[in-house]
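Enquirer: Attaching a single structure in structure tokens format; questions to follow.
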Amino acid sequence: MKLVSRAVFAIVANAIALFVAGYFIEGFTVANDLVSLAIAGAILAALNLFLRPLLKLFFGPLMVLTLGLFSIVVSGLLLYILDIVSAAVTIEGYTALLLGAIIVGVVNAVLHGSARKIGD
């Protein structure tokens with residue numbers, strides 16, 4: 001049961017993060033439909049679960065050399081894949097992609113951090 005609640009929380013957190021990025025960044029368009037947003041959040045959660053560890057392993061030396069800043073590029077790559085796979089998210093330009101990766105990462109960190117605080 002705890003696994004299901006974590007998965008649902010990850011989907012909701014990613015959907016909220018995508019909505020916030022779409023609200024604040026010009027060129028980062030997210031569907032206003034709640035179902036499409038939830039599906040995009042689920043796809044991003046799946047990408048983060050399965051693909052992010054492989055990318056971190058592959059780009060590990062670059063992450064060490066840049067003191068972790070290359071993780072923004074990994075997040076941007078995941079958002080780019082989401083843009084290709086999902087019709088609910090449209091990213092126009094590298095600036096919107098970079099800013100979107102930063103905002104999605106920050107919103108996810110805040111939401112997951114607050115959930116851990118509440119759970120303690």
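Ordered as shown in the structure tokens, chains take letters A, B, and onward, while each chain numbers its residues from 1 and ligands are numbered from 1 in the order shown.
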Excluding same-chain residues fewer than 6 positions from stretch 72-77 of chain A, what lies within 12 Å of it counting only C-alpha atoms, as a PyMOL selection string?
Expert: chain A and resi 44-45+47-48+51-60+62-63+66+83-84+91+93-106+108
Enquirer: With only C-alpha atoms as the counted atoms, please give the residues lying no more than 12 Å from stretch 113-117 of chain A, apart from itself and same-chain residues fewer than 6 positions off, as a list in words.
Expert: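 Here the qualifying residues turn out to be Ser5, Arg6, Phe9, Ala10, Ala13, Gly105, Val106 and Val107 of chain A.
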Enquirer: Using only N, CA and C atoms, please write the residues we just selected to a file, as a CSV table (one decimal), in the first residue's frame.
Expert:
chain,number,residue,atom,x,y,z
A,5,SER,N,0.9,4.6,-2.7
A,5,SER,CA,0.8,6.0,-2.2
A,5,SER,C,2.0,6.8,-2.7
A,6,ARG,N,3.1,6.2,-2.7
A,6,ARG,CA,4.3,6.9,-3.2
A,6,ARG,C,4.2,7.2,-4.7
A,9,PHE,N,1.7,9.9,-5.2
A,9,PHE,CA,2.3,11.2,-4.8
A,9,PHE,C,3.3,11.7,-5.9
A,10,ALA,N,4.1,10.8,-6.5
A,10,ALA,CA,5.0,11.2,-7.5
A,10,ALA,C,4.3,11.7,-8.7
A,13,ALA,N,2.9,15.1,-7.8
A,13,ALA,CA,3.9,16.1,-7.7
A,13,ALA,C,4.5,16.5,-9.0
A,105,GLY,N,12.5,20.5,-11.2
A,105,GLY,CA,13.3,20.0,-10.1
A,105,GLY,C,13.1,20.7,-8.8
A,106,VAL,N,13.0,22.0,-8.8
A,106,VAL,CA,12.8,22.7,-7.5
A,106,VAL,C,11.4,22.4,-6.9
A,107,VAL,N,10.4,22.4,-7.7
A,107,VAL,CA,9.0,22.1,-7.2
A,107,VAL,C,8.9,20.7,-6.7
Enquirer: Given the choices A:Ile39, A:Ile11, A:Leu111, A:Leu67, which gets closest to A:Val85 if the distance is worked out from only C-alpha atoms?
Expert: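 Looking at the shortest contact to A:Val85, the residue is A:Ile39.
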Enquirer: Run DSSP on the backbone and tell me which residues of stretch 37-90 of chain A come out as helix (DSSP H, G or I); list them as a ChimeraX atom specification.
Expert: /A:37-50,52-58,60-65,70-85
Enquirer: What residues in stretch 5-105 of chain A get the DSSP label strand (DSSP E)? Please answer as number ranges by chain.
Expert: A: 28-30, 89-91
Enquirer: Convert the current residue selection to file output with N, CA and C atoms, as an mmCIF file, in the first residue's frame.
Expert:
data_model
loop_
_atom_site.group_PDB
_atom_site.id
_atom_site.type_symbol
_atom_site.label_atom_id
_atom_site.label_comp_id
_atom_site.auth_asym_id
_atom_site.auth_seq_id
_atom_site.Cartn_x
_atom_site.Cartn_y
_atom_site.Cartn_z
ATOM 1 N N PHE A 28 6.909 27.017 -22.671
ATOM 2 C CA PHE A 28 6.669 25.733 -22.006
ATOM 3 C C PHE A 28 5.164 25.628 -21.831
ATOM 4 N N THR A 29 4.522 24.908 -22.728
ATOM 5 C CA THR A 29 3.070 24.837 -22.747
ATOM 6 C C THR A 29 2.610 23.483 -22.217
ATOM 7 N N VAL A 30 1.664 23.521 -21.298
ATOM 8 C CA VAL A 30 1.103 22.305 -20.720
ATOM 9 C C VAL A 30 -0.408 22.356 -20.931
ATOM 10 N N VAL A 89 2.445 18.168 -23.329
ATOM 11 C CA VAL A 89 3.549 19.077 -23.022
ATOM 12 C C VAL A 89 4.226 19.481 -24.330
ATOM 13 N N THR A 90 4.397 20.786 -24.512
ATOM 14 C CA THR A 90 5.096 21.313 -25.677
ATOM 15 C C THR A 90 6.155 22.290 -25.194
ATOM 16 N N ILE A 91 7.410 22.023 -25.558
ATOM 17 C CA ILE A 91 8.517 22.878 -25.147
ATOM 18 C C ILE A 91 9.138 23.461 -26.409
#
Enquirer: Here is a test: counting only C-alpha atoms, which residue of A:Ala17, A:Leu49, A:Ala88, A:Leu82 is nearest to A:Asn32?
Expert: A:Ala88
